[in-house]
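**Q** Pasting a structure here, questions to come.
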Amino acid sequence: MAVYTHVDPDELAALVARYDIGTVVSCKGIAEGVENSNYLLETTGGRFILTLYEKRVKADDLPFFVALLDHLARAGCAVPAMIHDREGAAIQRIAGRSACVIQFLPGISLTHPTPGQCAAAGGALGAMHRALAGYSGARDNSMGHHHWRAIAAGAGDLDSVLPGLQAEVDTELDWLDAHWPAGLPRHVIHADLFPDNVLMLGETVTGLIDFYFAATDFRAYDVAITHASWCFSDDGKRCDQGRASALMRGYLGEVALSDAEIAALPLLARGASLRFLLTRAHDWIHTPAGALVTRKDPSPFLERLRRYRADDAAALFAA
Ligand SMILES: Nc1ncnc2c1ncn2[C@@H]1O[C@H](COP(=O)(O)OP(=O)(O)OP(=O)(O)O)[C@@H](O)[C@H]1O
Ligand SMILES: N[C@@H](CCO)C(=O)O
């Protein structure tokens, strides 16, 4: 359920009147997603997504996200364009929230991708990285390596999620601090390219969406996040080598990772697994029972972390 804020029809008509997109035909809440309120807005000019930003997306960050999507759309990447009003503004206010009207893209969010879809996703990730290599925008990765200790400390009683988790997280944080690389190529990355953030028709990527974690970090870390989220069984215990090889082939067809980046992938994937383990554990502890939002299980990311820690983990990234 992701309609936290309701929109008054008169306010909506006034908002739409700022744009050259015709008049409102309908506006329906979208159930998927957990962070923001999303509506499917139909006007006499076409279909759009109306997103009202709830508390996690900071108003100060919105100009960064709008500029990023404008840049990627101009570069020909499969991303939804931010619609600008007649005065050039993309960020509006409605129902007490910041809001954007966004191009509606066809396609279906995946849950269980095939190898062919993994290859396509890897290719789209690589094409996006090529478009971002010289991009001047920058944003601190508030979910990045330097913040994991604070996120772990703020999560609460990790052992209440899984017995022994606190000690395992502490050991992992120490190891990652001692081994985290420096000097790998970095630029703005998506940082959350899970299958539910990729729209596809068959094996064609029609849209990369949900850029609200985008930030400056290693491009290889984005590959590791995508590997961790696309290539495992639901319980996180088994890496599907067919999917993983296809993902890497798709990506490497667009971007030639250096030997240092390839060598760092298992370590970066340990970091990626820890990041999602910690944020899921935080939400697990802090989301009250009976809340509208479904909590995501942290344990599959602990399983991934253990798999990436194994001696043979480099083989999981073979193209
Ligand atoms: N540009 C778009 N075109 C078509 N559908 C979209 C578009 N953007 C979002 N959607 C639909 O809305 C749903 C929710 O969007 P999104 O994933 O951005 O939600 P969220 O609440 O902002 O984020 P999260 O995934 O972190 O919960 C998507 O699963 C998709 O079905
Ligand atoms: N994609 C993330 C949510 C955003 O941080 C997860 O599945 O845990």
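Lettering and numbering for the structure tokens are positional, with chains as A, B, ... in the shown order, residues counted from 1 in each chain, and ligands counted from 1 in the shown order.
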Would you pick out the contacts of A:Asp240 at 12 Å or less, using only C-alpha atoms, so that residues sharing its chain but fewer than 6 positions from it are not included, and give the list as a tab-separated table (two decimals) with N, CA and C atoms, in the first residue's frame?
**A**
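around16.tsv, freshly written:
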chain	number	residue	atom	x	y	z
A	112	HIS	N	10.86	-12.61	-10.37
A	112	HIS	CA	11.79	-13.72	-10.59
A	112	HIS	C	12.36	-13.65	-12.00
A	113	PRO	N	13.44	-12.88	-12.19
A	113	PRO	CA	13.96	-12.67	-13.54
A	113	PRO	C	14.58	-13.92	-14.16
A	114	THR	N	14.46	-14.03	-15.47
A	114	THR	CA	15.14	-15.09	-16.22
A	114	THR	C	16.57	-14.62	-16.53
A	115	PRO	N	17.45	-15.54	-16.96
A	115	PRO	CA	18.79	-15.10	-17.37
A	115	PRO	C	18.74	-14.03	-18.46
A	118	CYS	N	18.07	-10.86	-16.86
A	118	CYS	CA	19.26	-10.41	-16.12
A	118	CYS	C	20.28	-9.76	-17.06
A	227	HIS	N	23.88	-7.49	-8.55
A	227	HIS	CA	24.15	-8.93	-8.47
A	227	HIS	C	23.42	-9.53	-7.26
A	228	ALA	N	23.55	-8.88	-6.12
A	228	ALA	CA	22.94	-9.42	-4.89
A	228	ALA	C	21.42	-9.47	-5.00
A	229	SER	N	20.83	-8.52	-5.71
A	229	SER	CA	19.37	-8.47	-5.71
A	229	SER	C	18.73	-9.24	-6.87
A	230	TRP	N	19.50	-9.59	-7.89
A	230	TRP	CA	18.93	-10.26	-9.07
A	230	TRP	C	19.25	-11.75	-9.14
A	231	CYS	N	20.27	-12.20	-8.46
A	231	CYS	CA	20.82	-13.51	-8.81
A	231	CYS	C	20.63	-14.60	-7.75
A	232	PHE	N	19.85	-14.32	-6.71
A	232	PHE	CA	19.72	-15.31	-5.63
A	232	PHE	C	18.29	-15.85	-5.52
A	233	SER	N	18.20	-17.03	-4.92
A	233	SER	CA	16.90	-17.56	-4.56
A	233	SER	C	16.28	-16.65	-3.49
A	234	ASP	N	14.95	-16.73	-3.32
A	234	ASP	CA	14.26	-15.83	-2.40
A	234	ASP	C	14.83	-15.89	-0.98
A	246	ALA	N	24.71	-14.11	-16.82
A	246	ALA	CA	24.00	-13.28	-17.81
A	246	ALA	C	24.07	-11.80	-17.41
A	247	LEU	N	23.87	-11.53	-16.13
A	247	LEU	CA	23.93	-10.14	-15.64
A	247	LEU	C	25.30	-9.54	-15.93
A	304	ARG	N	23.05	-14.09	1.87
A	304	ARG	CA	23.89	-13.63	0.75
A	304	ARG	C	25.28	-13.23	1.26
A	307	ARG	N	27.34	-16.12	1.73
A	307	ARG	CA	27.75	-16.74	0.46
A	307	ARG	C	28.91	-15.95	-0.18
A	315	ALA	N	33.97	-16.63	-8.22
A	315	ALA	CA	33.37	-17.36	-9.35
A	315	ALA	C	31.92	-16.93	-9.60
A	316	LEU	N	31.28	-16.38	-8.58
A	316	LEU	CA	29.88	-15.95	-8.74
A	316	LEU	C	29.76	-14.79	-9.73
A	317	PHE	N	30.89	-14.12	-10.01
A	317	PHE	CA	30.86	-12.96	-10.90
A	317	PHE	C	31.41	-13.27	-12.29
A	318	ALA	N	31.63	-14.56	-12.55
A	318	ALA	CA	32.17	-14.93	-13.87
A	318	ALA	C	31.11	-14.66	-14.94
**Q** Using only C-alpha atoms and all ligand atoms, find each residue with an atom at most 7 Å away from ligand 2 and format the answer as a ChimeraX atom specification.
**A** /A:192,194,276,279-280,296
**Q** Find the residues near stretch 262-265 of chain A: any atom within 8 Å, counting only C-alpha atoms, skip ones fewer than 4 places away on the same chain, and give them as a list in words.
**A**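 The residues satisfying every condition are Pro181, Ala220, Tyr221, Val223, Ala224, Leu257, Ser258, Ala269, Ala314 and Phe317 of chain A.
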**Q** Save the residues we just selected, C-alpha atoms, as a PDB file, in the first residue's frame?
**A**
ATOM      1  CA  PRO A 181      39.002  -0.290  -1.370  1.00  0.00           C
ATOM      2  CA  ALA A 220      31.402  -1.596  -9.134  1.00  0.00           C
ATOM      3  CA  TYR A 221      29.404  -1.268  -5.893  1.00  0.00           C
ATOM      4  CA  VAL A 223      27.132  -3.884  -9.953  1.00  0.00           C
ATOM      5  CA  ALA A 224      27.454  -5.699  -6.606  1.00  0.00           C
ATOM      6  CA  LEU A 257      35.540  -3.058 -15.480  1.00  0.00           C
ATOM      7  CA  SER A 258      39.215  -2.947 -14.485  1.00  0.00           C
ATOM      8  CA  ALA A 269      28.817  -7.525  -2.537  1.00  0.00           C
ATOM      9  CA  ALA A 314      34.858 -14.644  -7.113  1.00  0.00           C
ATOM     10  CA  PHE A 317      30.864 -12.956 -10.895  1.00  0.00           C
TER      11      PHE A 317
END
**Q** Find the residues near A:Val255: any atom within 9 Å, counting only C-alpha atoms, skip ones fewer than 2 places away on the same chain, and give them as a list in words.
**A** Gly123, Gly126, Ala127, His129, Arg130, Tyr251, Leu252, Gly253 and Leu257 of chain A
**Q** Just C-alpha atoms for this one: save the residues we selected as an mmCIF file, in the first residue's frame.
**A**
data_model
loop_
_atom_site.group_PDB
_atom_site.id
_atom_site.type_symbol
_atom_site.label_atom_id
_atom_site.label_comp_id
_atom_site.auth_asym_id
_atom_site.auth_seq_id
_atom_site.Cartn_x
_atom_site.Cartn_y
_atom_site.Cartn_z
ATOM 1 C CA GLY A 123 23.087 -3.958 -20.093
ATOM 2 C CA GLY A 126 26.035 -0.478 -17.891
ATOM 3 C CA ALA A 127 24.453 1.979 -20.346
ATOM 4 C CA HIS A 129 26.938 4.045 -15.969
ATOM 5 C CA ARG A 130 28.360 5.146 -19.321
ATOM 6 C CA TYR A 251 27.017 -5.254 -17.966
ATOM 7 C CA LEU A 252 30.493 -5.983 -19.329
ATOM 8 C CA GLY A 253 29.115 -5.531 -22.844
ATOM 9 C CA LEU A 257 35.540 -3.058 -15.480
#
**Q** Can you pull out every residue with an atom within 7 Å of ligand 1? Use only C-alpha atoms and all ligand atoms and format it as a ChimeraX atom specification.
**A** /A:2,30,32-38,49,80,102-106,108-109,196-197,209-210
